[in-house]
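Working notes, beginning with the structure itself.
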Amino acid sequence: MTGSGMMDCKKALNATEGDMDKAVEWLREKGLATAQKKASRIAAEGIVKLLVSDDGKRAVAVEVNSETDFVAKNEKFQNYVAQVAAQIMDSPAQDVAALLEEPWKFEEGRTVQEALAGQISVIGENMNIRRFAKVEEQNGFIASYTHMGGKIGVLVDVETDVVNDEIKEMAKNLAMQVAALKPLYVTADEISQEFKDHEIEILTAQIANDPKMAGKPEKVISGAVMGRLNKELKEFCLMDQIYVKAEDGKQPVSQYVAGVAKANGASIKVKSFVRFETGEGIEKKQEDFAAEVAKQMGN
């Protein structure tokens with residue numbers, strides 16, 4: 001009758017002692033009656049919200065999706081996402097499923113799931129808490145960078161024995177580098193042999209289909225594969241990438257960090273980073289609005 005899920009209907013009937021009318025009201029109050037009807041609609045827009053503790057030791061990145069960019073820019077939606085980030089900061093949950101079952105800290109008697117359903121009911125679009133990451137660094141700090149109002153969010157974990165404005169600026173620059181150039185790893189040490197083997201297979205196939213390499217000795221082909229692999233891996237690794245602000249256009253990130261460390265008498269290690277891009281990997285529905293209007297008009 002309401003479009004709500006079976007377990008939600010069961011909760012409603014238990015809460016109202018089997019009274020059907022009151023159970024429907026209970027579901028409407030929780031926002032669950034309309035939320036289920038919207039659940040099949042693709043939510044690929046939204047924002048990435050970053051939250052860093054005052055001491056810089058803890059941070060959260062969360063992606064919350066909506067159906068349209070219009071809603072993503074809505075103040076009510078953005079305030080809700082900020083609350084989700086605050087919820088995660090103090091939560092023991094390690095995944096979204098566990099988070100949704102928690103009590104919602106901003107309204108007594110509701111779970112995070114029920115609060116989300118309520119927002120769907122009010123805003124009128126399907127929404128979901130897609131993913132989040134929590135970072136802690138007790139021997140340094142966490143830098144953050146938000147691009148295009150939340151289209152991309154980056155956290156960078158920096159271990160250092162000196163924390164000052166110059167080192168904070170360095171970390172912010174690295175966060176911007178991650179946002180722009182999409183590295184997959186901090187250093188090559190993190191890359192698995194399985195990943196390398198997979199890339200070698202692809203590069204070998206590419207070279208085999210290159211007319212310029214036809215008839216070349218195996219040693220030459222193997223050298224070409226490894227040359228391309230090493231170049232590719234440098235693009236994947238943050239510390240091996242060319243620093244985007246390098247004046248000579250040649251300085252790798254590792255040299256930039258080493259220079260800042262030397263100038264400040266500091267030991268600096270970039271331990272990890274988190275990069276979330278809104279809608280990344282979600283297949284967006286292509287709307288034909290003219291056809292949709294014609295359909296509604298019965299044409």
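Simple scheme: letters A, B, ... for chains in structure tokens order, numbers from 1 for residues in each chain, numbers from 1 for ligands in the order shown.
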
- Item | alpha helix (DSSP H) per DSSP on the backbone: members of range 1-120 of chain A, as a PyMOL selection string | chain A and resi 6-15+20-30+32-38+69-72+75-89+96-101+112-120

Can you build me a table of range 231-278 of chain A residues sitting at most 12 Å from range 131-138 of chain A, with the closest atom pair per residue and its distance in Å to one decimal, using only C-alpha atoms, sorted by chain and residue number, as a Markdown table?
```
| residue | atom | partner | partner_atom | distance |
| --- | --- | --- | --- | --- |
| A:Lys269 | CA | A:Glu137 | CA | 11.5 |
| A:Val270 | CA | A:Glu137 | CA | 10.9 |
| A:Lys271 | CA | A:Glu137 | CA | 9.3 |
| A:Ser272 | CA | A:Val135 | CA | 9.0 |
| A:Phe273 | CA | A:Val135 | CA | 8.8 |
| A:Val274 | CA | A:Ala133 | CA | 7.5 |
| A:Arg275 | CA | A:Ala133 | CA | 9.5 |
| A:Phe276 | CA | A:Phe132 | CA | 8.8 |
| A:Glu277 | CA | A:Arg131 | CA | 10.9 |
| A:Thr278 | CA | A:Arg131 | CA | 10.4 |
```

Write to file, as a CSV table (one decimal), in the first residue's frame, the residues of the selection just made, with N, CA, C and O atoms.
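This is the output file again.csv:
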```
chain,number,residue,atom,x,y,z
A,269,LYS,N,56.6,12.5,6.1
A,269,LYS,CA,56.2,11.3,5.3
A,269,LYS,C,54.7,11.4,5.0
A,269,LYS,O,53.8,11.6,5.8
A,270,VAL,N,54.4,11.3,3.7
A,270,VAL,CA,53.0,11.2,3.2
A,270,VAL,C,52.6,9.8,3.3
A,270,VAL,O,53.1,8.9,2.6
A,271,LYS,N,51.7,9.5,4.2
A,271,LYS,CA,51.3,8.1,4.5
A,271,LYS,C,50.2,7.6,3.6
A,271,LYS,O,50.2,6.4,3.2
A,272,SER,N,49.2,8.4,3.4
A,272,SER,CA,48.1,7.9,2.5
A,272,SER,C,47.3,9.1,2.1
A,272,SER,O,47.5,10.3,2.5
A,273,PHE,N,46.3,8.9,1.2
A,273,PHE,CA,45.4,9.9,0.8
A,273,PHE,C,44.0,9.2,0.5
A,273,PHE,O,44.0,8.0,0.2
A,274,VAL,N,43.0,10.0,0.5
A,274,VAL,CA,41.6,9.6,0.1
A,274,VAL,C,41.1,10.6,-0.9
A,274,VAL,O,41.3,11.8,-0.7
A,275,ARG,N,40.7,10.0,-2.0
A,275,ARG,CA,40.1,10.9,-3.1
A,275,ARG,C,38.7,10.4,-3.5
A,275,ARG,O,38.6,9.3,-4.0
A,276,PHE,N,37.7,11.2,-3.2
A,276,PHE,CA,36.3,10.8,-3.6
A,276,PHE,C,35.9,11.8,-4.7
A,276,PHE,O,36.0,13.0,-4.5
A,277,GLU,N,35.3,11.3,-5.8
A,277,GLU,CA,34.7,12.1,-6.8
A,277,GLU,C,33.3,11.8,-6.9
A,277,GLU,O,32.9,10.6,-7.1
A,278,THR,N,32.4,12.8,-6.9
A,278,THR,CA,31.0,12.5,-6.9
A,278,THR,C,30.5,11.8,-8.1
A,278,THR,O,30.9,12.1,-9.2
```

inquiry  = Just checking: using only C-alpha atoms, which residue out of A:Ser222, A:Val257, A:Leu229, A:Asn264 ends up closest to Asp197 in chain A?
reply    =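 Closest residue, counting only C-alpha atoms: A:Leu229.
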
Using only C-alpha atoms, the residue out of A:Gly149, A:Gly223, A:Gly118, A:Gly281 with shortest distance to Ala72 in chain A is A:Gly149

- Could you tell me, as a list in words, which residues of range 145-286 of chain A DSSP assigns to strand (DSSP E or B) when given the backbone? Tyr145, Thr146, His147, Ile152, Gly153, Val154, Leu155, Val156, Asp157, Val158, Glu159, Thr160, Tyr185, Cys237, Ile242, Pro252, Ile268, Lys269, Val270, Lys271, Ser272, Phe273, Val274, Arg275, Phe276 and Glu277 of chain A

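Residues in contact with Ser144 in chain A at 8 Å, where only C-alpha atoms are counted and same-chain residues fewer than 3 positions away are skipped, are listed as A:Leu50, A:Val52, A:Gly153, A:Val154, A:Leu155, A:Val156, A:Lys172, A:Ala175.
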
Next, dump the selected residues to file, keeping only all heavy atoms, as a PDB file, in the first residue's frame.
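As written to disk, again.pdb reads:
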```pdb
ATOM      1  N   LEU A  50      33.913  16.931   3.453  1.00  0.00           N
ATOM      2  CA  LEU A  50      35.073  16.645   4.281  1.00  0.00           C
ATOM      3  C   LEU A  50      34.895  17.317   5.637  1.00  0.00           C
ATOM      4  O   LEU A  50      34.385  18.433   5.725  1.00  0.00           O
ATOM      5  CB  LEU A  50      36.354  17.177   3.629  1.00  0.00           C
ATOM      6  CG  LEU A  50      36.639  16.736   2.189  1.00  0.00           C
ATOM      7  CD1 LEU A  50      37.912  17.403   1.690  1.00  0.00           C
ATOM      8  CD2 LEU A  50      36.753  15.219   2.094  1.00  0.00           C
ATOM      9  N   VAL A  52      37.282  17.842   9.220  1.00  0.00           N
ATOM     10  CA  VAL A  52      38.559  17.640   9.912  1.00  0.00           C
ATOM     11  C   VAL A  52      38.427  18.172  11.329  1.00  0.00           C
ATOM     12  O   VAL A  52      37.894  19.266  11.537  1.00  0.00           O
ATOM     13  CB  VAL A  52      39.714  18.353   9.183  1.00  0.00           C
ATOM     14  CG1 VAL A  52      41.038  18.097   9.902  1.00  0.00           C
ATOM     15  CG2 VAL A  52      39.807  17.888   7.731  1.00  0.00           C
ATOM     16  N   GLY A 153      36.624  15.582  -3.282  1.00  0.00           N
ATOM     17  CA  GLY A 153      37.132  15.832  -1.943  1.00  0.00           C
ATOM     18  C   GLY A 153      38.368  14.981  -1.693  1.00  0.00           C
ATOM     19  O   GLY A 153      38.389  13.795  -2.056  1.00  0.00           O
ATOM     20  N   VAL A 154      39.402  15.575  -1.117  1.00  0.00           N
ATOM     21  CA  VAL A 154      40.669  14.866  -0.890  1.00  0.00           C
ATOM     22  C   VAL A 154      41.145  15.078   0.542  1.00  0.00           C
ATOM     23  O   VAL A 154      41.105  16.201   1.059  1.00  0.00           O
ATOM     24  CB  VAL A 154      41.772  15.356  -1.862  1.00  0.00           C
ATOM     25  CG1 VAL A 154      43.109  14.675  -1.546  1.00  0.00           C
ATOM     26  CG2 VAL A 154      41.374  15.108  -3.306  1.00  0.00           C
ATOM     27  N   LEU A 155      41.600  13.994   1.163  1.00  0.00           N
ATOM     28  CA  LEU A 155      42.279  14.046   2.455  1.00  0.00           C
ATOM     29  C   LEU A 155      43.689  13.498   2.272  1.00  0.00           C
ATOM     30  O   LEU A 155      43.869  12.491   1.580  1.00  0.00           O
ATOM     31  CB  LEU A 155      41.546  13.199   3.504  1.00  0.00           C
ATOM     32  CG  LEU A 155      40.104  13.583   3.852  1.00  0.00           C
ATOM     33  CD1 LEU A 155      39.500  12.541   4.785  1.00  0.00           C
ATOM     34  CD2 LEU A 155      40.039  14.970   4.484  1.00  0.00           C
ATOM     35  N   VAL A 156      44.669  14.147   2.881  1.00  0.00           N
ATOM     36  CA  VAL A 156      46.059  13.673   2.815  1.00  0.00           C
ATOM     37  C   VAL A 156      46.597  13.526   4.232  1.00  0.00           C
ATOM     38  O   VAL A 156      46.573  14.474   5.017  1.00  0.00           O
ATOM     39  CB  VAL A 156      46.952  14.641   2.008  1.00  0.00           C
ATOM     40  CG1 VAL A 156      48.406  14.168   2.033  1.00  0.00           C
ATOM     41  CG2 VAL A 156      46.466  14.753   0.571  1.00  0.00           C
ATOM     42  N   LYS A 172      48.420  20.932   1.651  1.00  0.00           N
ATOM     43  CA  LYS A 172      47.271  21.400   0.859  1.00  0.00           C
ATOM     44  C   LYS A 172      47.590  21.311  -0.633  1.00  0.00           C
ATOM     45  O   LYS A 172      46.742  20.904  -1.441  1.00  0.00           O
ATOM     46  CB  LYS A 172      46.943  22.847   1.254  1.00  0.00           C
ATOM     47  CG  LYS A 172      45.737  23.455   0.532  1.00  0.00           C
ATOM     48  CD  LYS A 172      44.446  22.824   1.007  1.00  0.00           C
ATOM     49  CE  LYS A 172      43.227  23.568   0.471  1.00  0.00           C
ATOM     50  NZ  LYS A 172      42.999  24.845   1.163  1.00  0.00           N
ATOM     51  N   ALA A 175      47.193  17.800  -1.689  1.00  0.00           N
ATOM     52  CA  ALA A 175      45.775  17.453  -1.819  1.00  0.00           C
ATOM     53  C   ALA A 175      45.225  17.946  -3.156  1.00  0.00           C
ATOM     54  O   ALA A 175      44.443  17.247  -3.818  1.00  0.00           O
ATOM     55  CB  ALA A 175      44.987  18.042  -0.661  1.00  0.00           C
TER      56      ALA A 175
END
```

Among A:Asp189, A:Asp21, A:Glu102, A:Asp210, Asp240 in chain A is approached most closely, using only C-alpha atoms, by A:Asp189

Exercise: Val112 in chain A partners within 6 Å, only C-alpha atoms, chain neighbours under 4 positions left out, as an mmCIF file with N, CA and C atoms, in the first residue's frame:
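Writing done, so here's selection-v4.cif:
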```
data_model
loop_
_atom_site.group_PDB
_atom_site.id
_atom_site.type_symbol
_atom_site.label_atom_id
_atom_site.label_comp_id
_atom_site.auth_asym_id
_atom_site.auth_seq_id
_atom_site.Cartn_x
_atom_site.Cartn_y
_atom_site.Cartn_z
ATOM 1 N N LEU A 100 24.030 2.971 8.887
ATOM 2 C CA LEU A 100 22.589 3.186 8.732
ATOM 3 C C LEU A 100 21.778 2.643 9.905
ATOM 4 N N GLU A 102 22.708 2.804 13.057
ATOM 5 C CA GLU A 102 22.995 3.560 14.279
ATOM 6 C C GLU A 102 21.883 4.554 14.624
ATOM 7 N N PRO A 103 21.768 4.913 15.896
ATOM 8 C CA PRO A 103 20.867 6.009 16.272
ATOM 9 C C PRO A 103 21.371 7.311 15.638
ATOM 10 N N TRP A 104 20.453 8.087 15.085
ATOM 11 C CA TRP A 104 20.791 9.375 14.470
ATOM 12 C C TRP A 104 20.995 10.398 15.582
#
```

query: If you count only C-alpha atoms, which residues fall within 12 Å of Lys245 in chain A, apart from same-chain ones fewer than 2 positions away, as a ChimeraX atom specification?
result: /A:170,173-174,176-177,180,241-243,247-253,256

For the residues selected in the previous step, produce a file with all heavy atoms as a CSV table (one decimal), in the first residue's frame.
```csv
chain,number,residue,atom,x,y,z
A,170,MET,N,52.2,22.9,2.1
A,170,MET,CA,52.7,21.8,1.3
A,170,MET,C,51.6,20.7,1.2
A,170,MET,O,51.4,20.2,0.1
A,170,MET,CB,54.0,21.3,1.9
A,170,MET,CG,54.5,20.0,1.2
A,170,MET,SD,55.3,18.8,2.3
A,170,MET,CE,53.8,18.2,3.2
A,173,ASN,N,48.8,21.7,-1.0
A,173,ASN,CA,49.2,21.5,-2.4
A,173,ASN,C,49.2,20.1,-2.9
A,173,ASN,O,48.8,19.8,-4.0
A,173,ASN,CB,50.6,22.1,-2.6
A,173,ASN,CG,50.7,23.6,-2.5
A,173,ASN,OD1,49.7,24.3,-2.7
A,173,ASN,ND2,51.8,24.2,-2.2
A,174,LEU,N,49.6,19.2,-2.0
A,174,LEU,CA,49.5,17.8,-2.4
A,174,LEU,C,48.1,17.3,-2.5
A,174,LEU,O,47.8,16.5,-3.4
A,174,LEU,CB,50.2,16.9,-1.3
A,174,LEU,CG,51.7,17.1,-1.1
A,174,LEU,CD1,52.3,16.0,-0.2
A,174,LEU,CD2,52.5,17.1,-2.5
A,176,MET,N,45.6,19.1,-3.6
A,176,MET,CA,45.2,19.7,-4.9
A,176,MET,C,45.8,18.8,-6.0
A,176,MET,O,45.1,18.6,-7.0
A,176,MET,CB,45.7,21.1,-5.0
A,176,MET,CG,45.0,22.1,-4.0
A,176,MET,SD,45.7,23.7,-4.0
A,176,MET,CE,45.2,24.3,-5.7
A,177,GLN,N,47.0,18.4,-5.8
A,177,GLN,CA,47.7,17.5,-6.8
A,177,GLN,C,46.9,16.2,-7.0
A,177,GLN,O,46.6,15.7,-8.1
A,177,GLN,CB,49.1,17.2,-6.4
A,177,GLN,CG,49.8,16.1,-7.2
A,177,GLN,CD,50.8,16.7,-8.2
A,177,GLN,OE1,51.2,17.9,-8.1
A,177,GLN,NE2,51.3,16.0,-9.1
A,180,ALA,N,43.7,16.8,-8.9
A,180,ALA,CA,43.8,17.1,-10.3
A,180,ALA,C,44.3,15.9,-11.1
A,180,ALA,O,43.8,15.6,-12.2
A,180,ALA,CB,44.8,18.2,-10.5
A,241,GLN,N,54.9,11.5,-9.4
A,241,GLN,CA,54.3,12.5,-10.4
A,241,GLN,C,55.1,13.8,-10.4
A,241,GLN,O,55.7,14.2,-9.4
A,241,GLN,CB,52.9,12.8,-10.0
A,241,GLN,CG,51.9,11.7,-10.2
A,241,GLN,CD,50.5,12.1,-9.9
A,241,GLN,OE1,50.2,13.0,-9.2
A,241,GLN,NE2,49.5,11.3,-10.3
A,242,ILE,N,55.1,14.5,-11.6
A,242,ILE,CA,55.7,15.8,-11.6
A,242,ILE,C,54.8,16.8,-10.8
A,242,ILE,O,53.5,16.8,-11.0
A,242,ILE,CB,55.8,16.3,-13.1
A,242,ILE,CG1,56.7,15.3,-13.9
A,242,ILE,CG2,56.3,17.7,-13.1
A,242,ILE,CD1,58.1,15.2,-13.3
A,243,TYR,N,55.4,17.5,-9.9
A,243,TYR,CA,54.6,18.4,-9.1
A,243,TYR,C,54.0,19.5,-10.0
A,243,TYR,O,54.7,20.2,-10.8
A,243,TYR,CB,55.6,19.0,-8.1
A,243,TYR,CG,54.9,20.1,-7.2
A,243,TYR,CD1,53.7,19.9,-6.6
A,243,TYR,CD2,55.6,21.3,-6.9
A,243,TYR,CE1,53.1,20.8,-5.8
A,243,TYR,CE2,55.0,22.3,-6.1
A,243,TYR,CZ,53.8,22.0,-5.5
A,243,TYR,OH,53.2,23.0,-4.7
A,247,GLU,N,58.2,25.0,-11.0
A,247,GLU,CA,58.5,26.1,-12.0
A,247,GLU,C,59.2,25.6,-13.2
A,247,GLU,O,59.0,26.1,-14.3
A,247,GLU,CB,59.4,27.1,-11.3
A,247,GLU,CG,58.7,27.9,-10.2
A,247,GLU,CD,59.6,28.9,-9.5
A,247,GLU,OE1,60.7,29.1,-9.9
A,247,GLU,OE2,59.1,29.6,-8.6
A,248,ASP,N,60.0,24.5,-13.1
A,248,ASP,CA,60.7,24.0,-14.2
A,248,ASP,C,59.9,22.9,-15.0
A,248,ASP,O,60.3,22.4,-16.0
A,248,ASP,CB,62.1,23.4,-13.8
A,248,ASP,CG,62.0,22.3,-12.8
A,248,ASP,OD1,60.8,21.9,-12.5
A,248,ASP,OD2,63.0,21.7,-12.5
A,249,GLY,N,58.8,22.5,-14.4
A,249,GLY,CA,57.9,21.5,-15.0
A,249,GLY,C,58.5,20.1,-14.9
A,249,GLY,O,58.1,19.2,-15.6
A,250,LYS,N,59.6,19.9,-14.1
A,250,LYS,CA,60.3,18.6,-14.1
A,250,LYS,C,60.4,18.0,-12.6
A,250,LYS,O,60.6,16.9,-12.5
A,250,LYS,CB,61.7,18.8,-14.6
A,250,LYS,CG,61.8,19.2,-16.1
A,250,LYS,CD,63.2,19.4,-16.5
A,250,LYS,CE,63.3,19.8,-18.0
A,250,LYS,NZ,64.7,20.0,-18.4
A,251,GLN,N,60.2,18.9,-11.6
A,251,GLN,CA,60.4,18.4,-10.3
A,251,GLN,C,59.3,17.4,-9.8
A,251,GLN,O,58.1,17.7,-9.9
A,251,GLN,CB,60.4,19.6,-9.3
A,251,GLN,CG,60.7,19.3,-7.8
A,251,GLN,CD,60.4,20.5,-6.9
A,251,GLN,OE1,59.5,21.2,-7.1
A,251,GLN,NE2,61.3,20.6,-5.9
A,252,PRO,N,59.7,16.2,-9.4
A,252,PRO,CA,58.7,15.3,-8.9
A,252,PRO,C,58.2,15.7,-7.5
A,252,PRO,O,58.9,16.5,-6.8
A,252,PRO,CB,59.5,13.9,-8.8
A,252,PRO,CG,60.9,14.3,-8.7
A,252,PRO,CD,61.1,15.6,-9.4
A,253,VAL,N,57.1,15.2,-7.1
A,253,VAL,CA,56.5,15.5,-5.8
A,253,VAL,C,57.4,15.2,-4.7
A,253,VAL,O,57.6,15.9,-3.7
A,253,VAL,CB,55.1,14.8,-5.6
A,253,VAL,CG1,54.6,14.9,-4.2
A,253,VAL,CG2,54.1,15.4,-6.6
A,256,TYR,N,59.8,17.9,-4.1
A,256,TYR,CA,59.1,19.1,-3.5
A,256,TYR,C,59.0,18.9,-2.0
A,256,TYR,O,59.3,19.7,-1.2
A,256,TYR,CB,57.8,19.3,-4.2
A,256,TYR,CG,56.9,20.2,-3.4
A,256,TYR,CD1,57.2,21.5,-3.2
A,256,TYR,CD2,55.6,19.8,-2.9
A,256,TYR,CE1,56.4,22.4,-2.5
A,256,TYR,CE2,54.8,20.6,-2.3
A,256,TYR,CZ,55.1,21.9,-2.0
A,256,TYR,OH,54.3,22.8,-1.4
```

Self-check item: For Glu101 in chain A, the nearest of the candidates A:Met226, A:Ile221, A:Ala258, A:Ala115, counting only C-alpha atoms
Solution: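 Checking each candidate against Glu101 in chain A, we get A:Ala115 as the closest.
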
Give me the residues within 8 Å of range 82-95 of chain A as a ChimeraX atom specification, counting only C-alpha atoms and dropping any in the same chain fewer than 3 places off.
-> /A:49-51,58-62,78-79,98-99,104-106,131-132,134

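For the pair CA of Cys9 in chain A and CA of Glu107 in chain A, the separation is 21.2 Å.
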